[in-house]
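Here is run00.pdb, consisting of PDB, C-alpha atoms and all ligand atoms:
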```
ATOM      1  CA  MET A   1       0.000   0.000   0.000  1.00  0.00           C
ATOM      2  CA  GLU A   2       1.269   3.449  -0.841  1.00  0.00           C
ATOM      3  CA  TYR A   3       0.129   6.616   0.903  1.00  0.00           C
ATOM      4  CA  PRO A   4       0.017   9.955  -0.933  1.00  0.00           C
ATOM      5  CA  GLY A   5       2.397  12.485   0.587  1.00  0.00           C
ATOM      6  CA  VAL A   6       4.187   9.732   2.409  1.00  0.00           C
ATOM      7  CA  SER A   7       6.805   8.039   0.304  1.00  0.00           C
ATOM      8  CA  PHE A   8       6.834   4.771   2.129  1.00  0.00           C
ATOM      9  CA  VAL A   9       5.255   1.442   1.330  1.00  0.00           C
ATOM     10  CA  TRP A  10       3.360  -0.643   3.874  1.00  0.00           C
ATOM     11  CA  ASN A  11       4.806  -4.112   3.588  1.00  0.00           C
ATOM     12  CA  ARG A  12       3.452  -6.513   6.179  1.00  0.00           C
ATOM     13  CA  ARG A  13       6.473  -8.821   5.904  1.00  0.00           C
ATOM     14  CA  ASN A  14       9.333  -6.367   5.705  1.00  0.00           C
ATOM     15  CA  MET A  15       7.775  -3.486   7.648  1.00  0.00           C
ATOM     16  CA  GLU A  16       9.794  -0.751   6.015  1.00  0.00           C
ATOM     17  CA  TYR A  17       8.721   2.866   6.435  1.00  0.00           C
ATOM     18  CA  PRO A  18      11.360   5.292   5.215  1.00  0.00           C
ATOM     19  CA  ARG A  19      10.961   8.936   4.199  1.00  0.00           C
ATOM     20  CA  ILE A  20       7.729  10.134   5.722  1.00  0.00           C
ATOM     21  CA  THR A  21       6.884  13.700   4.770  1.00  0.00           C
ATOM     22  CA  LEU A  22       3.436  14.153   6.360  1.00  0.00           C
ATOM     23  CA  TYR A  23       1.800  12.956   9.528  1.00  0.00           C
ATOM     24  CA  THR A  24      -0.825  10.290   8.787  1.00  0.00           C
ATOM     25  CA  ARG A  25      -3.118   7.790  10.492  1.00  0.00           C
ATOM     26  CA  ASN A  26      -3.812   4.759   8.345  1.00  0.00           C
ATOM     27  CA  LEU A  27      -6.417   2.144   9.187  1.00  0.00           C
ATOM     28  CA  VAL A  28      -5.032  -1.306   8.465  1.00  0.00           C
ATOM     29  CA  ASP A  29      -7.739  -3.613   9.832  1.00  0.00           C
ATOM     30  CA  GLU A  30     -11.105  -3.367  11.643  1.00  0.00           C
ATOM     31  CA  GLY A  31     -11.092  -6.882  13.084  1.00  0.00           C
ATOM     32  CA  ASN A  32     -14.775  -7.530  12.294  1.00  0.00           C
ATOM     33  CA  GLY A  33     -15.691  -4.660  14.613  1.00  0.00           C
ATOM     34  CA  LYS A  34     -13.620  -6.000  17.521  1.00  0.00           C
ATOM     35  CA  TYR A  35     -10.620  -3.693  17.162  1.00  0.00           C
ATOM     36  CA  ASN A  36      -8.931  -1.047  15.044  1.00  0.00           C
ATOM     37  CA  LEU A  37      -5.397  -1.690  13.874  1.00  0.00           C
ATOM     38  CA  MET A  38      -3.693   1.378  12.485  1.00  0.00           C
ATOM     39  CA  LEU A  39      -0.333   2.524  11.244  1.00  0.00           C
ATOM     40  CA  LEU A  40       0.784   6.001  12.266  1.00  0.00           C
ATOM     41  CA  ALA A  41       3.492   7.825  10.394  1.00  0.00           C
ATOM     42  CA  TRP A  42       5.242  10.641  12.280  1.00  0.00           C
ATOM     43  CA  ALA A  43       7.271  13.331  10.610  1.00  0.00           C
ATOM     44  CA  GLU A  44      10.179  14.891  12.483  1.00  0.00           C
ATOM     45  CA  GLY A  45       9.041  16.647  15.657  1.00  0.00           C
ATOM     46  CA  GLN A  46       5.362  15.764  15.269  1.00  0.00           C
ATOM     47  CA  GLY A  47       3.235  14.903  18.281  1.00  0.00           C
ATOM     48  CA  SER A  48      -0.331  14.103  19.245  1.00  0.00           C
ATOM     49  CA  SER A  49      -2.654  16.068  21.486  1.00  0.00           C
ATOM     50  CA  ILE A  50      -3.074  14.868  25.079  1.00  0.00           C
ATOM     51  CA  HIS A  51      -5.906  12.328  24.828  1.00  0.00           C
ATOM     52  CA  ASP A  52      -7.862   9.597  26.573  1.00  0.00           C
ATOM     53  CA  HIS A  53      -8.615   6.138  25.162  1.00  0.00           C
ATOM     54  CA  ALA A  54     -12.428   5.975  25.344  1.00  0.00           C
ATOM     55  CA  ASN A  55     -12.436   3.016  27.770  1.00  0.00           C
ATOM     56  CA  SER A  56     -10.491   0.889  25.295  1.00  0.00           C
ATOM     57  CA  HIS A  57      -7.269  -1.057  25.538  1.00  0.00           C
ATOM     58  CA  CYS A  58      -4.415   0.435  23.514  1.00  0.00           C
ATOM     59  CA  PHE A  59      -1.317  -1.476  22.405  1.00  0.00           C
ATOM     60  CA  MET A  60       1.391   0.407  20.562  1.00  0.00           C
ATOM     61  CA  LYS A  61       4.549  -0.913  18.887  1.00  0.00           C
ATOM     62  CA  VAL A  62       7.250   1.334  17.459  1.00  0.00           C
ATOM     63  CA  LEU A  63       8.135   0.058  13.994  1.00  0.00           C
ATOM     64  CA  ASP A  64      10.667   2.671  12.991  1.00  0.00           C
ATOM     65  CA  GLY A  65      12.471   5.496  14.767  1.00  0.00           C
ATOM     66  CA  SER A  66      11.601   6.285  18.370  1.00  0.00           C
ATOM     67  CA  LEU A  67       8.619   7.889  20.132  1.00  0.00           C
ATOM     68  CA  ARG A  68       8.321   9.702  23.424  1.00  0.00           C
ATOM     69  CA  GLU A  69       5.257   9.084  25.577  1.00  0.00           C
ATOM     70  CA  VAL A  70       4.357  11.669  28.228  1.00  0.00           C
ATOM     71  CA  ARG A  71       1.675  10.584  30.713  1.00  0.00           C
ATOM     72  CA  PHE A  72      -0.610  12.966  32.594  1.00  0.00           C
ATOM     73  CA  ALA A  73      -3.015  12.569  35.510  1.00  0.00           C
ATOM     74  CA  TRP A  74      -6.703  13.082  34.740  1.00  0.00           C
ATOM     75  CA  PRO A  75      -7.538  16.646  35.821  1.00  0.00           C
ATOM     76  CA  SER A  76     -10.123  16.797  38.617  1.00  0.00           C
ATOM     77  CA  GLU A  77     -13.232  18.932  38.111  1.00  0.00           C
ATOM     78  CA  SER A  78     -11.866  21.581  40.457  1.00  0.00           C
ATOM     79  CA  GLU A  79      -8.492  21.614  38.687  1.00  0.00           C
ATOM     80  CA  GLU A  80     -10.284  22.058  35.383  1.00  0.00           C
ATOM     81  CA  GLU A  81     -12.328  24.928  36.829  1.00  0.00           C
ATOM     82  CA  GLU A  82      -9.195  26.557  38.230  1.00  0.00           C
ATOM     83  CA  GLU A  83      -7.442  26.080  34.870  1.00  0.00           C
ATOM     84  CA  LYS A  84      -4.506  24.336  36.505  1.00  0.00           C
ATOM     85  CA  GLU A  85      -1.589  23.053  34.419  1.00  0.00           C
ATOM     86  CA  MET A  86      -1.929  19.294  33.901  1.00  0.00           C
ATOM     87  CA  GLN A  87       0.313  17.126  36.055  1.00  0.00           C
ATOM     88  CA  ILE A  88       2.949  14.948  34.319  1.00  0.00           C
ATOM     89  CA  ILE A  89       3.126  11.490  35.941  1.00  0.00           C
ATOM     90  CA  GLY A  90       5.628   9.769  33.668  1.00  0.00           C
ATOM     91  CA  GLN A  91       7.768   9.975  30.572  1.00  0.00           C
ATOM     92  CA  THR A  92       9.193   7.142  28.476  1.00  0.00           C
ATOM     93  CA  THR A  93      11.151   7.002  25.253  1.00  0.00           C
ATOM     94  CA  LEU A  94      10.229   3.996  23.159  1.00  0.00           C
ATOM     95  CA  LYS A  95      12.797   2.634  20.723  1.00  0.00           C
ATOM     96  CA  THR A  96      12.168   0.668  17.539  1.00  0.00           C
ATOM     97  CA  ASN A  97      10.367  -2.610  18.368  1.00  0.00           C
ATOM     98  CA  ASP A  98       9.376  -1.470  21.879  1.00  0.00           C
ATOM     99  CA  VAL A  99       5.750  -2.167  22.815  1.00  0.00           C
ATOM    100  CA  THR A 100       3.621  -0.309  25.340  1.00  0.00           C
ATOM    101  CA  TYR A 101       0.100  -0.539  26.698  1.00  0.00           C
ATOM    102  CA  MET A 102      -2.269   2.225  27.745  1.00  0.00           C
ATOM    103  CA  ASN A 103      -5.801   2.593  29.052  1.00  0.00           C
ATOM    104  CA  ASP A 104      -7.812   5.239  30.888  1.00  0.00           C
ATOM    105  CA  SER A 105      -6.998   3.867  34.349  1.00  0.00           C
ATOM    106  CA  LEU A 106      -3.309   4.671  33.692  1.00  0.00           C
ATOM    107  CA  GLY A 107      -4.076   8.310  32.903  1.00  0.00           C
ATOM    108  CA  LEU A 108      -3.817  10.349  29.729  1.00  0.00           C
ATOM    109  CA  HIS A 109      -0.924  10.712  27.354  1.00  0.00           C
ATOM    110  CA  ARG A 110       0.687  12.534  24.503  1.00  0.00           C
ATOM    111  CA  VAL A 111       2.884  10.698  21.987  1.00  0.00           C
ATOM    112  CA  GLU A 112       5.516  12.520  19.958  1.00  0.00           C
ATOM    113  CA  ASN A 113       8.449  11.955  17.670  1.00  0.00           C
ATOM    114  CA  PRO A 114      11.247  13.699  19.592  1.00  0.00           C
ATOM    115  CA  SER A 115      13.689  13.553  16.691  1.00  0.00           C
ATOM    116  CA  HIS A 116      14.152  16.514  14.379  1.00  0.00           C
ATOM    117  CA  THR A 117      16.128  14.441  11.891  1.00  0.00           C
ATOM    118  CA  GLN A 118      14.382  11.066  11.812  1.00  0.00           C
ATOM    119  CA  THR A 119      10.808  10.037  10.998  1.00  0.00           C
ATOM    120  CA  ALA A 120       8.957   7.383  12.996  1.00  0.00           C
ATOM    121  CA  ALA A 121       6.200   4.830  12.433  1.00  0.00           C
ATOM    122  CA  SER A 122       4.081   2.932  14.920  1.00  0.00           C
ATOM    123  CA  LEU A 123       1.416   0.242  14.904  1.00  0.00           C
ATOM    124  CA  HIS A 124      -1.594   0.779  17.235  1.00  0.00           C
ATOM    125  CA  LEU A 125      -4.278  -1.674  18.246  1.00  0.00           C
ATOM    126  CA  TYR A 126      -7.425  -0.375  19.992  1.00  0.00           C
ATOM    127  CA  SER A 127      -9.985  -2.782  21.370  1.00  0.00           C
ATOM    128  CA  PRO A 128     -12.888  -2.189  21.346  1.00  0.00           C
ATOM    129  CA  PRO A 129     -12.620   0.342  18.491  1.00  0.00           C
ATOM    130  CA  PHE A 130     -13.790   3.921  19.129  1.00  0.00           C
ATOM    131  CA  GLU A 131     -14.763   6.891  16.990  1.00  0.00           C
ATOM    132  CA  SER A 132     -14.051   9.818  19.276  1.00  0.00           C
ATOM    133  CA  VAL A 133     -11.787  10.680  22.189  1.00  0.00           C
ATOM    134  CA  LEU A 134     -11.289  13.484  24.681  1.00  0.00           C
ATOM    135  CA  LEU A 135      -8.513  15.968  23.944  1.00  0.00           C
ATOM    136  CA  PHE A 136      -6.963  18.001  26.749  1.00  0.00           C
ATOM    137  CA  ASP A 137      -5.247  21.353  26.913  1.00  0.00           C
ATOM    138  CA  GLN A 138      -2.039  20.913  28.934  1.00  0.00           C
ATOM    139  CA  ARG A 139      -2.079  24.450  30.275  1.00  0.00           C
ATOM    140  CA  THR A 140      -5.675  24.494  31.600  1.00  0.00           C
ATOM    141  CA  GLY A 141      -6.867  20.863  31.754  1.00  0.00           C
ATOM    142  CA  HIS A 142      -9.855  21.815  29.623  1.00  0.00           C
ATOM    143  CA  LYS A 143     -11.181  19.010  27.448  1.00  0.00           C
ATOM    144  CA  THR A 144     -12.916  18.832  24.080  1.00  0.00           C
ATOM    145  CA  LYS A 145     -14.275  15.915  22.119  1.00  0.00           C
ATOM    146  CA  GLY A 146     -12.294  14.937  19.039  1.00  0.00           C
ATOM    147  CA  LYS A 147     -13.359  12.755  16.163  1.00  0.00           C
ATOM    148  CA  CYS A 148     -10.955  10.029  14.992  1.00  0.00           C
ATOM    149  CA  THR A 149     -10.044  10.439  11.352  1.00  0.00           C
ATOM    150  CA  PHE A 150      -7.935   8.419   8.948  1.00  0.00           C
ATOM    151  CA  TRP A 151      -5.660   9.483   6.147  1.00  0.00           C
ATOM    152  CA  SER A 152      -6.298   6.114   4.503  1.00  0.00           C
ATOM    153  CA  LYS A 153      -8.324   2.965   5.098  1.00  0.00           C
ATOM    154  CA  TYR A 154      -7.064  -0.372   3.811  1.00  0.00           C
ATOM    155  CA  GLY A 155      -4.556   1.497   1.682  1.00  0.00           C
ATOM    156  CA  VAL A 156      -7.208   3.692   0.036  1.00  0.00           C
ATOM    157  CA  ARG A 157      -6.971   7.433   0.568  1.00  0.00           C
ATOM    158  CA  THR A 158      -9.911   8.977   2.469  1.00  0.00           C
ATOM    159  CA  SER A 159     -11.239  12.517   1.946  1.00  0.00           C
ATOM    160  CA  PHE A 160      -9.659  13.681   5.214  1.00  0.00           C
ATOM    161  CA  SER A 161      -6.546  15.766   4.586  1.00  0.00           C
ATOM    162  CA  ALA A 162      -3.440  16.168   6.722  1.00  0.00           C
ATOM    163  CA  ILE A 163      -3.582  19.927   6.157  1.00  0.00           C
ATOM    164  CA  SER A 164      -7.084  20.220   7.634  1.00  0.00           C
ATOM    165  CA  ALA A 165      -5.962  17.970  10.496  1.00  0.00           C
ATOM    166  CA  LYS A 166      -3.390  20.573  11.438  1.00  0.00           C
ATOM    167  CA  LEU A 167      -5.919  23.387  11.322  1.00  0.00           C
ATOM    168  CA  ASP A 168      -8.975  21.701  12.862  1.00  0.00           C
ATOM    169  CA  ALA A 169      -8.628  21.238  16.588  1.00  0.00           C
ATOM    170  CA  GLU A 170     -11.916  19.307  16.667  1.00  0.00           C
ATOM    171  CA  ASP A 171     -10.320  16.466  14.739  1.00  0.00           C
ATOM    172  CA  TYR A 172      -8.240  14.014  16.631  1.00  0.00           C
ATOM    173  CA  GLU A 173      -4.846  13.931  14.997  1.00  0.00           C
ATOM    174  CA  ASN A 174      -2.958  11.153  16.747  1.00  0.00           C
ATOM    175  CA  ASN A 175      -3.252   8.351  19.239  1.00  0.00           C
TER     176      ASN A 175
HETATM  177 FE    FE A 201      -2.906   7.125  22.833  1.00  0.00          FE
END
```

Could you write out this structure as structure tokens?
Ligand SMILES: [Fe+2]
Amino acid sequence: MEYPGVSFVWNRRNMEYPRITLYTRNLVDEGNGKYNLMLLAWAEGQGSSIHDHANSHCFMKVLDGSLREVRFAWPSESEEEEEKEMQIIGQTTLKTNDVTYMNDSLGLHRVENPSHTQTAASLHLYSPPFESVLLFDQRTGHKTKGKCTFWSKYGVRTSFSAISAKLDAEDYENN
């Protein structure tokens, strides 16, 4: 499968993902409604919003490059009202082939490619699948609902564009 704007080829056997130029989320499999398996391609320095996982289990494997995960505590109602800065509870750098697990009981997180010279790619499995998540503002703890969108599904380009993803805060950009 080839992805426009991303000059890499999804090859299930070789798993090679060089030269990513745009950030993309690509749905690989829907598991008969039981899960979503997706490939995320991260350009240099790109990161997700702080997000929850909609009561699902999340498994993530780094396929290429490295990713930094920053975990945050859920803001309490009073903290959200006071617009308190969100509290960091952990930070991990995941190398190629590292696997991690996340769910709502472990907090919230942001995932980012910390490298300014190397792209990254990761495989994410969410079970059960979900269509929207909560996005949080680190400075105030305020949350908004974000819709999950895909750059491609089963290797076919969707109408969602990476450019609008950058401009539309309502759309959930990463996982
Ligand atoms: Fe996530």

For this session: Determine the residue set returned by the PyMOL selection byres (((chain A and resi 42) around 8) and not hetatm) for the present structure, and present it as JSON, numbers by chain.
Result: {"A": [20, 22, 23, 24, 40, 41, 43, 44, 45, 46, 47, 112, 113, 119, 120, 121]}

Selected residues written out, C-alpha atoms, as a PDB file, in the frame of the given file:
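Saved file part.pdb follows:
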```pdb
ATOM      1  CA  ILE A  20       7.729  10.134   5.722  1.00  0.00           C
ATOM      2  CA  LEU A  22       3.436  14.153   6.360  1.00  0.00           C
ATOM      3  CA  TYR A  23       1.800  12.956   9.528  1.00  0.00           C
ATOM      4  CA  THR A  24      -0.825  10.290   8.787  1.00  0.00           C
ATOM      5  CA  LEU A  40       0.784   6.001  12.266  1.00  0.00           C
ATOM      6  CA  ALA A  41       3.492   7.825  10.394  1.00  0.00           C
ATOM      7  CA  ALA A  43       7.271  13.331  10.610  1.00  0.00           C
ATOM      8  CA  GLU A  44      10.179  14.891  12.483  1.00  0.00           C
ATOM      9  CA  GLY A  45       9.041  16.647  15.657  1.00  0.00           C
ATOM     10  CA  GLN A  46       5.362  15.764  15.269  1.00  0.00           C
ATOM     11  CA  GLY A  47       3.235  14.903  18.281  1.00  0.00           C
ATOM     12  CA  GLU A 112       5.516  12.520  19.958  1.00  0.00           C
ATOM     13  CA  ASN A 113       8.449  11.955  17.670  1.00  0.00           C
ATOM     14  CA  THR A 119      10.808  10.037  10.998  1.00  0.00           C
ATOM     15  CA  ALA A 120       8.957   7.383  12.996  1.00  0.00           C
ATOM     16  CA  ALA A 121       6.200   4.830  12.433  1.00  0.00           C
TER      17      ALA A 121
END
```

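Taking atom CA of Pro114 of chain A and atom CA of Lys95 of chain A as the two end points, the separation is 11.2 Å.
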
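Of note, atom CA of Thr149 of chain A and atom CA of Phe130 of chain A are spaced 10.8 Å apart.
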
Exercise. Given a cut-off of 8 Å, what residues near ligand FE 201 (chain A) show up using only C-alpha atoms and all ligand atoms, put as a PyMOL selection string?
Worked result: chain A and resi 51-53+58+102+108-111+174-175

For the residues in that selection, give me C-alpha atoms as a compact mmCIF listing (two decimals), keeping the file's coordinate frame.
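Heads up, here's the output in result-v5.txt:
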```txt
# COMPACT_ATOMS: atom_id res chain seq x y z
CA HIS A 51 -5.91 12.33 24.83
CA ASP A 52 -7.86 9.60 26.57
CA HIS A 53 -8.62 6.14 25.16
CA CYS A 58 -4.42 0.44 23.51
CA MET A 102 -2.27 2.22 27.74
CA LEU A 108 -3.82 10.35 29.73
CA HIS A 109 -0.92 10.71 27.35
CA ARG A 110 0.69 12.53 24.50
CA VAL A 111 2.88 10.70 21.99
CA ASN A 174 -2.96 11.15 16.75
CA ASN A 175 -3.25 8.35 19.24
```

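Distances to Gln87 of chain A were evaluated for A:Ser159, A:Gln138, A:Thr100, A:Asn26 using only C-alpha atoms, and the minimum falls at A:Gln138.
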
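Using only C-alpha atoms, the protein and nucleic acid residues lying no more than 9 Å from Asn36 of chain A, apart from those fewer than 3 places from it along its own chain, are A:Leu27, A:Val28, A:Asp29, A:Glu30, A:Gly31, A:Gly33, A:His124, A:Leu125, A:Tyr126, A:Ser127, A:Pro128, A:Pro129, A:Phe130.
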
Box time for segment 59-64 of chain A: axis-aligned, enclosing all its listed atoms, 8 Å extra on each side; report centre and edge lengths in Å to one decimal, as AutoDock Vina command-line options.
```
--center_x 4.7 --center_y 0.6 --center_z 17.7 --size_x 28.0 --size_y 20.1 --size_z 25.4
```

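Taking atom CA of Lys145 of chain A as the reference point, atom CA of Asn55 of chain A is found at 14.2 Å.
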
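What the PyMOL selection byres (((chain A and resi 143) around 12) and not hetatm) grabs from this file is Ser49, Ile50, His51, Asp52, Trp74, Pro75, Ser76, Glu77, Glu79, Glu80, Glu81, Glu83, Met86, Leu108, Val133, Leu134, Leu135, Phe136, Asp137, Gln138, Arg139, Thr140, Gly141, His142, Thr144, Lys145, Gly146, Ala169 and Glu170 of chain A.
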
For the structure provided, state which residues fall under the PyMOL selection byres (((chain A and resi 94) around 12) and not hetatm), and present them as a short mmCIF file (atom, residue, chain, number, x, y, z; two decimals) with C-alpha atoms, keeping the file's coordinate frame.
```cif
data_model
loop_
_atom_site.label_atom_id
_atom_site.label_comp_id
_atom_site.auth_asym_id
_atom_site.auth_seq_id
_atom_site.Cartn_x
_atom_site.Cartn_y
_atom_site.Cartn_z
CA MET A 60 1.39 0.41 20.56
CA LYS A 61 4.55 -0.91 18.89
CA VAL A 62 7.25 1.33 17.46
CA LEU A 63 8.14 0.06 13.99
CA ASP A 64 10.67 2.67 12.99
CA GLY A 65 12.47 5.50 14.77
CA SER A 66 11.60 6.28 18.37
CA LEU A 67 8.62 7.89 20.13
CA ARG A 68 8.32 9.70 23.42
CA GLU A 69 5.26 9.08 25.58
CA VAL A 70 4.36 11.67 28.23
CA GLN A 91 7.77 9.98 30.57
CA THR A 92 9.19 7.14 28.48
CA THR A 93 11.15 7.00 25.25
CA LYS A 95 12.80 2.63 20.72
CA THR A 96 12.17 0.67 17.54
CA ASN A 97 10.37 -2.61 18.37
CA ASP A 98 9.38 -1.47 21.88
CA VAL A 99 5.75 -2.17 22.82
CA THR A 100 3.62 -0.31 25.34
CA TYR A 101 0.10 -0.54 26.70
CA VAL A 111 2.88 10.70 21.99
CA GLU A 112 5.52 12.52 19.96
CA ASN A 113 8.45 11.96 17.67
CA PRO A 114 11.25 13.70 19.59
CA ALA A 120 8.96 7.38 13.00
CA ALA A 121 6.20 4.83 12.43
CA SER A 122 4.08 2.93 14.92
#
```

Missing atoms in segment 48-77 of chain A: can you complete it with N, CA and C atoms, as a short mmCIF file (atom, residue, chain, number, x, y, z; two decimals), in the frame of the given file?
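Produced file out_5.cif, reproduced below:
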```cif
data_model
loop_
_atom_site.label_atom_id
_atom_site.label_comp_id
_atom_site.auth_asym_id
_atom_site.auth_seq_id
_atom_site.Cartn_x
_atom_site.Cartn_y
_atom_site.Cartn_z
N SER A 48 1.13 14.12 19.13
CA SER A 48 -0.33 14.10 19.24
C SER A 48 -0.78 15.13 20.28
N SER A 49 -2.07 15.34 20.36
CA SER A 49 -2.65 16.07 21.49
C SER A 49 -2.64 15.15 22.70
N ILE A 50 -2.86 15.70 23.89
CA ILE A 50 -3.07 14.87 25.08
C ILE A 50 -4.48 14.28 24.94
N HIS A 51 -4.60 12.96 25.10
CA HIS A 51 -5.91 12.33 24.83
C HIS A 51 -6.19 11.17 25.77
N ASP A 52 -7.46 10.80 25.84
CA ASP A 52 -7.86 9.60 26.57
C ASP A 52 -8.01 8.45 25.57
N HIS A 53 -8.51 7.29 26.05
CA HIS A 53 -8.62 6.14 25.16
C HIS A 53 -10.00 5.52 25.16
N ALA A 54 -11.01 6.35 25.51
CA ALA A 54 -12.43 5.98 25.34
C ALA A 54 -12.75 4.59 25.92
N ASN A 55 -12.19 4.31 27.10
CA ASN A 55 -12.44 3.02 27.77
C ASN A 55 -11.95 1.80 27.00
N SER A 56 -11.03 2.01 26.07
CA SER A 56 -10.49 0.89 25.30
C SER A 56 -9.09 0.52 25.77
N HIS A 57 -8.66 -0.65 25.34
CA HIS A 57 -7.27 -1.06 25.54
C HIS A 57 -6.47 -0.55 24.34
N CYS A 58 -5.26 -0.08 24.60
CA CYS A 58 -4.42 0.44 23.51
C CYS A 58 -3.04 -0.22 23.59
N PHE A 59 -2.66 -0.90 22.52
CA PHE A 59 -1.32 -1.48 22.40
C PHE A 59 -0.60 -0.72 21.30
N MET A 60 0.64 -0.36 21.55
CA MET A 60 1.39 0.41 20.56
C MET A 60 2.79 -0.19 20.40
N LYS A 61 3.20 -0.42 19.16
CA LYS A 61 4.55 -0.91 18.89
C LYS A 61 5.25 0.07 17.96
N VAL A 62 6.47 0.44 18.32
CA VAL A 62 7.25 1.33 17.46
C VAL A 62 7.89 0.48 16.36
N LEU A 63 7.61 0.83 15.12
CA LEU A 63 8.14 0.06 13.99
C LEU A 63 9.39 0.68 13.41
N ASP A 64 9.51 1.98 13.57
CA ASP A 64 10.67 2.67 12.99
C ASP A 64 10.91 3.95 13.79
N GLY A 65 12.15 4.29 14.01
CA GLY A 65 12.47 5.50 14.77
C GLY A 65 12.19 5.30 16.24
N SER A 66 11.95 6.39 16.95
CA SER A 66 11.60 6.28 18.37
C SER A 66 10.48 7.28 18.67
N LEU A 67 9.72 7.02 19.73
CA LEU A 67 8.62 7.89 20.13
C LEU A 67 8.71 8.16 21.62
N ARG A 68 8.37 9.37 22.01
CA ARG A 68 8.32 9.70 23.42
C ARG A 68 6.87 9.74 23.87
N GLU A 69 6.60 9.07 25.00
CA GLU A 69 5.26 9.08 25.58
C GLU A 69 5.31 9.89 26.88
N VAL A 70 4.46 10.89 26.98
CA VAL A 70 4.36 11.67 28.23
C VAL A 70 2.98 11.41 28.82
N ARG A 71 2.96 10.89 30.06
CA ARG A 71 1.68 10.58 30.71
C ARG A 71 1.28 11.69 31.66
N PHE A 72 -0.04 11.92 31.74
CA PHE A 72 -0.61 12.97 32.59
C PHE A 72 -1.70 12.36 33.47
N ALA A 73 -1.89 12.95 34.66
CA ALA A 73 -3.02 12.57 35.51
C ALA A 73 -4.29 13.19 34.94
N TRP A 74 -5.42 12.49 35.12
CA TRP A 74 -6.70 13.08 34.74
C TRP A 74 -6.92 14.34 35.59
N PRO A 75 -7.26 15.47 35.00
CA PRO A 75 -7.54 16.65 35.82
C PRO A 75 -8.86 16.46 36.58
N SER A 76 -8.88 16.87 37.86
CA SER A 76 -10.12 16.80 38.62
C SER A 76 -11.02 17.94 38.14
N GLU A 77 -12.30 17.87 38.52
CA GLU A 77 -13.23 18.93 38.11
C GLU A 77 -12.77 20.29 38.63
#
```
